[in-house]
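Visitor: Shown below is the structure under consideration.
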Amino acid sequence: MITFDNVNKRYASGQDALVRVSLEIGRGELVFLTGHSGAGKSTLLKLLTAIERPTRGSILVAGQNIGRLRNGQIPYYRRNLGIVFQNHQLLFDRSVFENVALPLAVAGCSRREVGRRVRAALDKVGLLHKERHNPIVLSGGEQQRIGIARAVVNKPAVLVADEPTGNLDPQLSSEIMQLFADFNAVGVTVLVASHDLELIARMRERVLTLQAGQLIYDGIPAREAAYP
Ligand code: ADP
Ligand code: ADP
């Protein structure tokens with residue numbers, strides 16, 4: 001589903017953020033991406049979501065070479081991706097329902113289809129009863145769940161999250177990670193970046209570890225191996 005082949009990313013500043021990164025993520029896998037601050041996690045996700053382009057190497061997603069997409073093709077490519085941000089980027093001038101419906105506006109769904117899909121997404125994150133609220137009145141954990149509902153409302157084949165539990169306490173963080181596992185269980189390919197090593201260790205799933213832009217570990221950690 002996702003292949004990085006010898007990917008380098010050097011920013012205009014001269015900073016090498018990724019160095020010869022090669023990895024493969026199969027359809028339907030759940031993978032955690034970890035490493036200390038500055039290791040290159042966000043950069044890897046920005047390449048995957050075509051926010052940045054690789055300096056060298058190739059990135060294939062469902063057979064498409066992402067680094068070679070023309071600018072006009074990028075919005076179409078992103079429709080197959082669900083993207084969850086740390087600060088969830090909800091709009092506080094509209095309801096929960098309308099926030100989750102946003103990606104469907106560009107997809108050209110009928111009003112009935114929008115209502116059906118938004119409620120299905122809210123139901124999956126356990127917040128169907130909050131559809132009419134303004135997200136500003138919700139807790140941090142609930143706001144992140146709304147962000148996840150919005151990311152999955154299009155039924156993307158790939159779900160990508162960058163530090164989705166960054167602002168949450170350990171209990172809420174576990175619940176959010178479990179939500180990703182639930183989406184994975186119904187076939188979605190999921191990649192979650194987090195520097196929360198303890199949280200990731202408890203999930204007992206495949207871990208990719210970056211250090212200074214290099215992929216230094218890829219596996220299901222038995223003990224401490226993934227966590228230098
Ligand atoms: P992480 O998400 O693991 O904290 P990042 O991918 O954000 O790591 O950063 C990797 C490295 O690239 C860091 O040294 C960071 O300072 C640098 N970096 C990130 N974004 C930019 C940018 N837009 N321009 C220059 N350097 C950047
Ligand atoms: P359906 O045809 O599937 O019943 P609709 O789009 O006609 O869906 O909407 C029906 C219900 O959806 C409304 O009664 C309301 O609960 C909810 N709804 C629709 N649009 C909004 C909105 N902008 N904000 C909040 N709730 C909405």
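Naming works like this for the structure tokens: A, B, ... for the chains as they're shown, residue 1 at the start of each chain, ligands 1 onward in shown order.
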Could you give me the residues within 6 Å of ligand 2, counting only C-alpha atoms and all ligand atoms, as a ChimeraX atom specification?
Guide: /A:95,97-98,111-112,115-116,131-132
Visitor: Take the residues just selected and output them with all heavy atoms as a PDB file, in the first residue's frame.
Guide:
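The result, written out as result_32.pdb:
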ATOM      1  N   SER A  95     -21.136  23.719  13.636  1.00  0.00           N
ATOM      2  CA  SER A  95     -21.451  22.579  14.504  1.00  0.00           C
ATOM      3  C   SER A  95     -20.492  21.412  14.287  1.00  0.00           C
ATOM      4  O   SER A  95     -19.747  21.361  13.299  1.00  0.00           O
ATOM      5  CB  SER A  95     -22.878  22.103  14.217  1.00  0.00           C
ATOM      6  OG  SER A  95     -22.936  21.518  12.934  1.00  0.00           O
ATOM      7  N   PHE A  97     -21.513  18.482  13.487  1.00  0.00           N
ATOM      8  CA  PHE A  97     -21.991  17.864  12.243  1.00  0.00           C
ATOM      9  C   PHE A  97     -21.305  18.493  11.033  1.00  0.00           C
ATOM     10  O   PHE A  97     -20.774  17.800  10.161  1.00  0.00           O
ATOM     11  CB  PHE A  97     -23.518  18.031  12.134  1.00  0.00           C
ATOM     12  CG  PHE A  97     -24.107  17.385  10.910  1.00  0.00           C
ATOM     13  CD1 PHE A  97     -24.711  16.137  10.980  1.00  0.00           C
ATOM     14  CD2 PHE A  97     -24.057  18.025   9.676  1.00  0.00           C
ATOM     15  CE1 PHE A  97     -25.253  15.538   9.849  1.00  0.00           C
ATOM     16  CE2 PHE A  97     -24.592  17.432   8.549  1.00  0.00           C
ATOM     17  CZ  PHE A  97     -25.187  16.195   8.633  1.00  0.00           C
ATOM     18  N   GLU A  98     -21.316  19.826  10.989  1.00  0.00           N
ATOM     19  CA  GLU A  98     -20.752  20.533   9.822  1.00  0.00           C
ATOM     20  C   GLU A  98     -19.245  20.332   9.716  1.00  0.00           C
ATOM     21  O   GLU A  98     -18.706  20.250   8.605  1.00  0.00           O
ATOM     22  CB  GLU A  98     -21.101  22.018   9.898  1.00  0.00           C
ATOM     23  CG  GLU A  98     -22.573  22.261   9.646  1.00  0.00           C
ATOM     24  CD  GLU A  98     -23.016  23.669  10.021  1.00  0.00           C
ATOM     25  OE1 GLU A  98     -22.579  24.157  11.078  1.00  0.00           O
ATOM     26  OE2 GLU A  98     -23.780  24.253   9.254  1.00  0.00           O
ATOM     27  N   ARG A 111     -27.392  15.669   0.022  1.00  0.00           N
ATOM     28  CA  ARG A 111     -27.635  16.036   1.416  1.00  0.00           C
ATOM     29  C   ARG A 111     -27.937  14.805   2.269  1.00  0.00           C
ATOM     30  O   ARG A 111     -27.460  14.665   3.389  1.00  0.00           O
ATOM     31  CB  ARG A 111     -28.823  17.003   1.474  1.00  0.00           C
ATOM     32  CG  ARG A 111     -28.644  18.126   2.462  1.00  0.00           C
ATOM     33  CD  ARG A 111     -29.856  19.025   2.453  1.00  0.00           C
ATOM     34  NE  ARG A 111     -30.704  18.820   3.622  1.00  0.00           N
ATOM     35  CZ  ARG A 111     -30.366  19.183   4.851  1.00  0.00           C
ATOM     36  NH1 ARG A 111     -29.203  19.739   5.090  1.00  0.00           N
ATOM     37  NH2 ARG A 111     -31.184  18.986   5.868  1.00  0.00           N
ATOM     38  N   ARG A 112     -28.723  13.906   1.688  1.00  0.00           N
ATOM     39  CA  ARG A 112     -29.085  12.677   2.401  1.00  0.00           C
ATOM     40  C   ARG A 112     -27.848  11.817   2.680  1.00  0.00           C
ATOM     41  O   ARG A 112     -27.661  11.323   3.790  1.00  0.00           O
ATOM     42  CB  ARG A 112     -30.096  11.898   1.552  1.00  0.00           C
ATOM     43  CG  ARG A 112     -30.419  10.519   2.082  1.00  0.00           C
ATOM     44  CD  ARG A 112     -31.486   9.859   1.229  1.00  0.00           C
ATOM     45  NE  ARG A 112     -32.778  10.534   1.359  1.00  0.00           N
ATOM     46  CZ  ARG A 112     -33.673  10.228   2.305  1.00  0.00           C
ATOM     47  NH1 ARG A 112     -33.429   9.264   3.149  1.00  0.00           N
ATOM     48  NH2 ARG A 112     -34.812  10.868   2.362  1.00  0.00           N
ATOM     49  N   GLY A 115     -25.722  13.378   5.426  1.00  0.00           N
ATOM     50  CA  GLY A 115     -26.278  13.104   6.750  1.00  0.00           C
ATOM     51  C   GLY A 115     -25.987  11.684   7.190  1.00  0.00           C
ATOM     52  O   GLY A 115     -25.602  11.438   8.340  1.00  0.00           O
ATOM     53  N   ARG A 116     -26.135  10.749   6.278  1.00  0.00           N
ATOM     54  CA  ARG A 116     -25.930   9.337   6.605  1.00  0.00           C
ATOM     55  C   ARG A 116     -24.467   9.069   6.974  1.00  0.00           C
ATOM     56  O   ARG A 116     -24.162   8.436   7.978  1.00  0.00           O
ATOM     57  CB  ARG A 116     -26.323   8.480   5.399  1.00  0.00           C
ATOM     58  CG  ARG A 116     -26.587   7.015   5.709  1.00  0.00           C
ATOM     59  CD  ARG A 116     -26.877   6.238   4.429  1.00  0.00           C
ATOM     60  NE  ARG A 116     -25.739   6.276   3.509  1.00  0.00           N
ATOM     61  CZ  ARG A 116     -24.592   5.633   3.699  1.00  0.00           C
ATOM     62  NH1 ARG A 116     -24.418   4.904   4.782  1.00  0.00           N
ATOM     63  NH2 ARG A 116     -23.609   5.724   2.826  1.00  0.00           N
ATOM     64  N   GLU A 131     -23.855  15.887  17.747  1.00  0.00           N
ATOM     65  CA  GLU A 131     -23.777  16.415  16.386  1.00  0.00           C
ATOM     66  C   GLU A 131     -24.171  17.882  16.273  1.00  0.00           C
ATOM     67  O   GLU A 131     -23.660  18.605  15.436  1.00  0.00           O
ATOM     68  CB  GLU A 131     -24.599  15.569  15.401  1.00  0.00           C
ATOM     69  CG  GLU A 131     -26.089  15.611  15.617  1.00  0.00           C
ATOM     70  CD  GLU A 131     -26.856  14.912  14.485  1.00  0.00           C
ATOM     71  OE1 GLU A 131     -26.507  15.113  13.322  1.00  0.00           O
ATOM     72  OE2 GLU A 131     -27.810  14.179  14.792  1.00  0.00           O
ATOM     73  N   ARG A 132     -25.079  18.334  17.144  1.00  0.00           N
ATOM     74  CA  ARG A 132     -25.548  19.709  17.043  1.00  0.00           C
ATOM     75  C   ARG A 132     -24.734  20.690  17.873  1.00  0.00           C
ATOM     76  O   ARG A 132     -24.946  21.899  17.796  1.00  0.00           O
ATOM     77  CB  ARG A 132     -27.018  19.793  17.498  1.00  0.00           C
ATOM     78  CG  ARG A 132     -27.955  19.148  16.513  1.00  0.00           C
ATOM     79  CD  ARG A 132     -29.329  18.969  17.121  1.00  0.00           C
ATOM     80  NE  ARG A 132     -30.250  18.437  16.136  1.00  0.00           N
ATOM     81  CZ  ARG A 132     -30.859  19.185  15.224  1.00  0.00           C
ATOM     82  NH1 ARG A 132     -30.668  20.481  15.184  1.00  0.00           N
ATOM     83  NH2 ARG A 132     -31.663  18.625  14.350  1.00  0.00           N
TER      84      ARG A 132
END
Visitor: Identify, counting only C-alpha atoms and all ligand atoms, the protein, DNA and RNA residues located within 10 Å of ligand 1, and give them as a PyMOL selection string.
Guide: chain A and resi 9-18+33-47+52+162-163+193-195+209-213
Visitor: Please identify all polymer residues within 12 Å of Ile200 of chain A, counting only C-alpha atoms, omitting same-chain residues fewer than 6 positions from it, and present them as a PDB file with N, CA, C and O atoms, in the first residue's frame.
Guide:
ATOM      1  N   LEU A  30      -1.536  -1.806  10.672  1.00  0.00           N
ATOM      2  CA  LEU A  30      -1.533  -0.720  11.654  1.00  0.00           C
ATOM      3  C   LEU A  30      -0.091  -0.541  12.105  1.00  0.00           C
ATOM      4  O   LEU A  30       0.517  -1.488  12.607  1.00  0.00           O
ATOM      5  N   VAL A  31       0.467   0.655  11.883  1.00  0.00           N
ATOM      6  CA  VAL A  31       1.883   0.881  12.163  1.00  0.00           C
ATOM      7  C   VAL A  31       2.045   2.180  12.955  1.00  0.00           C
ATOM      8  O   VAL A  31       1.401   3.185  12.643  1.00  0.00           O
ATOM      9  N   PHE A  32       2.912   2.125  13.973  1.00  0.00           N
ATOM     10  CA  PHE A  32       3.227   3.325  14.738  1.00  0.00           C
ATOM     11  C   PHE A  32       4.609   3.826  14.331  1.00  0.00           C
ATOM     12  O   PHE A  32       5.535   3.037  14.140  1.00  0.00           O
ATOM     13  N   LEU A  33       4.706   5.142  14.199  1.00  0.00           N
ATOM     14  CA  LEU A  33       5.958   5.793  13.825  1.00  0.00           C
ATOM     15  C   LEU A  33       6.423   6.580  15.037  1.00  0.00           C
ATOM     16  O   LEU A  33       5.687   7.432  15.544  1.00  0.00           O
ATOM     17  N   THR A  34       7.647   6.273  15.510  1.00  0.00           N
ATOM     18  CA  THR A  34       8.099   6.968  16.706  1.00  0.00           C
ATOM     19  C   THR A  34       9.530   7.481  16.554  1.00  0.00           C
ATOM     20  O   THR A  34      10.157   7.335  15.494  1.00  0.00           O
ATOM     21  N   GLY A  35      10.020   8.094  17.610  1.00  0.00           N
ATOM     22  CA  GLY A  35      11.326   8.741  17.591  1.00  0.00           C
ATOM     23  C   GLY A  35      11.213  10.053  18.348  1.00  0.00           C
ATOM     24  O   GLY A  35      10.122  10.567  18.528  1.00  0.00           O
ATOM     25  N   GLU A 163       0.868  12.824  15.899  1.00  0.00           N
ATOM     26  CA  GLU A 163       0.754  13.102  17.334  1.00  0.00           C
ATOM     27  C   GLU A 163      -0.704  13.338  17.752  1.00  0.00           C
ATOM     28  O   GLU A 163      -1.023  14.376  18.349  1.00  0.00           O
ATOM     29  N   THR A 165      -2.428  12.277  20.106  1.00  0.00           N
ATOM     30  CA  THR A 165      -2.721  12.307  21.536  1.00  0.00           C
ATOM     31  C   THR A 165      -1.862  13.341  22.259  1.00  0.00           C
ATOM     32  O   THR A 165      -1.778  13.347  23.483  1.00  0.00           O
ATOM     33  N   PRO A 170      -3.064  10.236  29.780  1.00  0.00           N
ATOM     34  CA  PRO A 170      -2.804   8.844  29.378  1.00  0.00           C
ATOM     35  C   PRO A 170      -4.068   8.020  29.110  1.00  0.00           C
ATOM     36  O   PRO A 170      -4.111   7.251  28.148  1.00  0.00           O
ATOM     37  N   SER A 173      -5.578   9.143  25.881  1.00  0.00           N
ATOM     38  CA  SER A 173      -4.655   8.769  24.806  1.00  0.00           C
ATOM     39  C   SER A 173      -4.839   7.309  24.420  1.00  0.00           C
ATOM     40  O   SER A 173      -4.892   6.967  23.233  1.00  0.00           O
ATOM     41  N   SER A 174      -4.960   6.442  25.426  1.00  0.00           N
ATOM     42  CA  SER A 174      -5.195   5.018  25.154  1.00  0.00           C
ATOM     43  C   SER A 174      -6.487   4.817  24.380  1.00  0.00           C
ATOM     44  O   SER A 174      -6.547   3.998  23.459  1.00  0.00           O
ATOM     45  N   ILE A 176      -7.959   6.911  22.378  1.00  0.00           N
ATOM     46  CA  ILE A 176      -7.790   7.379  20.991  1.00  0.00           C
ATOM     47  C   ILE A 176      -7.014   6.338  20.180  1.00  0.00           C
ATOM     48  O   ILE A 176      -7.383   5.996  19.053  1.00  0.00           O
ATOM     49  N   MET A 177      -5.948   5.784  20.760  1.00  0.00           N
ATOM     50  CA  MET A 177      -5.165   4.763  20.060  1.00  0.00           C
ATOM     51  C   MET A 177      -6.034   3.537  19.774  1.00  0.00           C
ATOM     52  O   MET A 177      -5.927   2.915  18.717  1.00  0.00           O
ATOM     53  N   GLN A 178      -6.919   3.198  20.705  1.00  0.00           N
ATOM     54  CA  GLN A 178      -7.815   2.056  20.498  1.00  0.00           C
ATOM     55  C   GLN A 178      -8.761   2.321  19.330  1.00  0.00           C
ATOM     56  O   GLN A 178      -9.083   1.416  18.555  1.00  0.00           O
ATOM     57  N   ALA A 181      -7.027   1.450  16.271  1.00  0.00           N
ATOM     58  CA  ALA A 181      -7.008  -0.015  16.139  1.00  0.00           C
ATOM     59  C   ALA A 181      -8.368  -0.521  15.632  1.00  0.00           C
ATOM     60  O   ALA A 181      -8.420  -1.455  14.830  1.00  0.00           O
ATOM     61  N   VAL A 192       0.283   5.933  12.539  1.00  0.00           N
ATOM     62  CA  VAL A 192       0.157   6.916  13.617  1.00  0.00           C
ATOM     63  C   VAL A 192       1.540   7.318  14.111  1.00  0.00           C
ATOM     64  O   VAL A 192       2.311   6.460  14.561  1.00  0.00           O
ATOM     65  N   ALA A 193       1.867   8.606  14.039  1.00  0.00           N
ATOM     66  CA  ALA A 193       3.142   9.102  14.570  1.00  0.00           C
ATOM     67  C   ALA A 193       2.932   9.584  15.992  1.00  0.00           C
ATOM     68  O   ALA A 193       1.982  10.316  16.275  1.00  0.00           O
ATOM     69  N   SER A 194       3.822   9.141  16.889  1.00  0.00           N
ATOM     70  CA  SER A 194       3.733   9.572  18.282  1.00  0.00           C
ATOM     71  C   SER A 194       5.085   9.418  18.947  1.00  0.00           C
ATOM     72  O   SER A 194       5.793   8.445  18.706  1.00  0.00           O
ATOM     73  N   ARG A 206       3.269  -3.148  15.122  1.00  0.00           N
ATOM     74  CA  ARG A 206       4.511  -2.827  14.422  1.00  0.00           C
ATOM     75  C   ARG A 206       4.922  -1.373  14.690  1.00  0.00           C
ATOM     76  O   ARG A 206       4.085  -0.475  14.666  1.00  0.00           O
ATOM     77  N   VAL A 207       6.217  -1.192  14.921  1.00  0.00           N
ATOM     78  CA  VAL A 207       6.769   0.129  15.220  1.00  0.00           C
ATOM     79  C   VAL A 207       7.896   0.454  14.240  1.00  0.00           C
ATOM     80  O   VAL A 207       8.752  -0.389  13.958  1.00  0.00           O
ATOM     81  N   LEU A 208       7.876   1.665  13.716  1.00  0.00           N
ATOM     82  CA  LEU A 208       8.994   2.202  12.940  1.00  0.00           C
ATOM     83  C   LEU A 208       9.621   3.296  13.784  1.00  0.00           C
ATOM     84  O   LEU A 208       8.910   4.176  14.268  1.00  0.00           O
ATOM     85  N   THR A 209      10.942   3.241  13.982  1.00  0.00           N
ATOM     86  CA  THR A 209      11.599   4.265  14.795  1.00  0.00           C
ATOM     87  C   THR A 209      12.581   5.063  13.950  1.00  0.00           C
ATOM     88  O   THR A 209      13.444   4.490  13.274  1.00  0.00           O
ATOM     89  N   ILE A 220       8.045  -5.561  15.572  1.00  0.00           N
ATOM     90  CA  ILE A 220       7.154  -5.578  16.718  1.00  0.00           C
ATOM     91  C   ILE A 220       8.036  -5.779  17.938  1.00  0.00           C
ATOM     92  O   ILE A 220       8.593  -6.856  18.121  1.00  0.00           O
ATOM     93  N   PRO A 221       8.221  -4.708  18.721  1.00  0.00           N
ATOM     94  CA  PRO A 221       9.212  -4.777  19.781  1.00  0.00           C
ATOM     95  C   PRO A 221       8.838  -5.767  20.865  1.00  0.00           C
ATOM     96  O   PRO A 221       7.717  -5.771  21.364  1.00  0.00           O
ATOM     97  N   ARG A 223      10.916  -6.028  23.653  1.00  0.00           N
ATOM     98  CA  ARG A 223      11.241  -5.262  24.862  1.00  0.00           C
ATOM     99  C   ARG A 223      11.598  -3.833  24.505  1.00  0.00           C
ATOM    100  O   ARG A 223      10.794  -3.121  23.951  1.00  0.00           O
ATOM    101  N   GLU A 224      12.853  -3.476  24.779  1.00  0.00           N
ATOM    102  CA  GLU A 224      13.239  -2.075  24.649  1.00  0.00           C
ATOM    103  C   GLU A 224      13.852  -1.743  23.280  1.00  0.00           C
ATOM    104  O   GLU A 224      14.149  -0.589  23.025  1.00  0.00           O
ATOM    105  N   ALA A 226      13.077  -1.100  20.307  1.00  0.00           N
ATOM    106  CA  ALA A 226      12.619  -0.030  19.420  1.00  0.00           C
ATOM    107  C   ALA A 226      12.823   1.340  20.023  1.00  0.00           C
ATOM    108  O   ALA A 226      12.588   2.340  19.374  1.00  0.00           O
ATOM    109  N   TYR A 227      13.251   1.363  21.300  1.00  0.00           N
ATOM    110  CA  TYR A 227      13.225   2.636  22.010  1.00  0.00           C
ATOM    111  C   TYR A 227      14.590   3.022  22.556  1.00  0.00           C
ATOM    112  O   TYR A 227      14.883   2.804  23.721  1.00  0.00           O
TER     113      TYR A 227
END
Visitor: Enumerate, as a PyMOL selection string, the complete set of residues in segment 4-182 of chain A that a backbone-based DSSP assignment places in strand (DSSP E or B).
Guide: chain A and resi 4-10+16-25+30-34+56-61+64-65+81-84+158-162
Visitor: Please dump the current selection as an mmCIF file, in the first residue's frame; keep C-alpha atoms.
Guide:
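Output saved as out_38.cif:
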data_model
loop_
_atom_site.group_PDB
_atom_site.id
_atom_site.type_symbol
_atom_site.label_atom_id
_atom_site.label_comp_id
_atom_site.auth_asym_id
_atom_site.auth_seq_id
_atom_site.Cartn_x
_atom_site.Cartn_y
_atom_site.Cartn_z
ATOM 1 C CA PHE A 4 9.279 4.422 0.597
ATOM 2 C CA ASP A 5 12.343 3.588 -1.497
ATOM 3 C CA ASN A 6 15.566 5.316 -0.443
ATOM 4 C CA VAL A 7 13.786 8.543 0.417
ATOM 5 C CA ASN A 8 15.771 11.630 1.324
ATOM 6 C CA LYS A 9 14.285 14.931 2.408
ATOM 7 C CA ARG A 10 16.500 18.012 2.661
ATOM 8 C CA ASP A 16 18.445 16.657 6.257
ATOM 9 C CA ALA A 17 15.142 15.564 7.812
ATOM 10 C CA LEU A 18 15.040 12.058 6.277
ATOM 11 C CA VAL A 19 18.062 10.045 5.160
ATOM 12 C CA ARG A 20 17.717 6.984 2.886
ATOM 13 C CA VAL A 21 14.431 5.839 4.371
ATOM 14 C CA SER A 22 13.037 2.616 2.894
ATOM 15 C CA LEU A 23 9.934 0.934 4.266
ATOM 16 C CA GLU A 24 6.854 -0.937 3.215
ATOM 17 C CA ILE A 25 3.398 -0.879 4.783
ATOM 18 C CA LEU A 30 -1.533 -0.720 11.654
ATOM 19 C CA VAL A 31 1.883 0.881 12.163
ATOM 20 C CA PHE A 32 3.227 3.325 14.738
ATOM 21 C CA LEU A 33 5.958 5.793 13.825
ATOM 22 C CA THR A 34 8.099 6.968 16.706
ATOM 23 C CA ARG A 56 15.465 11.907 -3.628
ATOM 24 C CA GLY A 57 13.914 8.457 -3.772
ATOM 25 C CA SER A 58 10.348 7.423 -4.507
ATOM 26 C CA ILE A 59 7.137 7.122 -2.525
ATOM 27 C CA LEU A 60 4.427 4.854 -3.870
ATOM 28 C CA VAL A 61 0.918 4.816 -2.420
ATOM 29 C CA GLN A 64 0.949 6.030 -7.468
ATOM 30 C CA ASN A 65 4.291 7.847 -7.318
ATOM 31 C CA LEU A 81 -6.299 9.730 2.800
ATOM 32 C CA GLY A 82 -7.756 10.491 6.200
ATOM 33 C CA ILE A 83 -5.520 12.935 8.052
ATOM 34 C CA VAL A 84 -5.678 13.540 11.818
ATOM 35 C CA VAL A 158 -5.331 5.072 4.471
ATOM 36 C CA LEU A 159 -5.578 6.903 7.790
ATOM 37 C CA VAL A 160 -2.604 9.015 8.892
ATOM 38 C CA ALA A 161 -2.255 10.729 12.275
ATOM 39 C CA ASP A 162 0.460 13.097 13.514
#
Visitor: For the atom pair atom CA of Thr49 of chain A and atom CA of Glu113 of chain A, what is the interatomic distance in Å to one decimal place?
Guide: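 Atom CA of Glu113 of chain A lies 26.2 Å from atom CA of Thr49 of chain A.
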Visitor: Do you have the atom CA of Ile2 of chain A-atom CA of Ala50 of chain A distance handy?
Guide: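 These two atoms are separated by 13.0 Å.
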Visitor: Run DSSP on the backbone of this structure and report the residues of chain A it assigns to alpha helix (DSSP H), as a ChimeraX atom specification.
Guide: /A:41-48,74-78,96-107,111-124,140-152,170-185,197-203
Visitor: Write out as an MDAnalysis selection string which residues come within 10 Å of segment 99-107 of chain A when counting only C-alpha atoms, dropping same-chain ones fewer than 4 positions away.
Guide: chainID A and resid 75:76 79 82 89:95 111 113:115 117:119 121:122 131 134:135 146:154
Visitor: Near Arg145 of chain A, counting only C-alpha atoms, which residues have an atom at most 9 Å away, once you skip same-chain residues fewer than 6 positions from it, shown as a ChimeraX atom specification?
Guide: /A:88,122,125-127,176,179
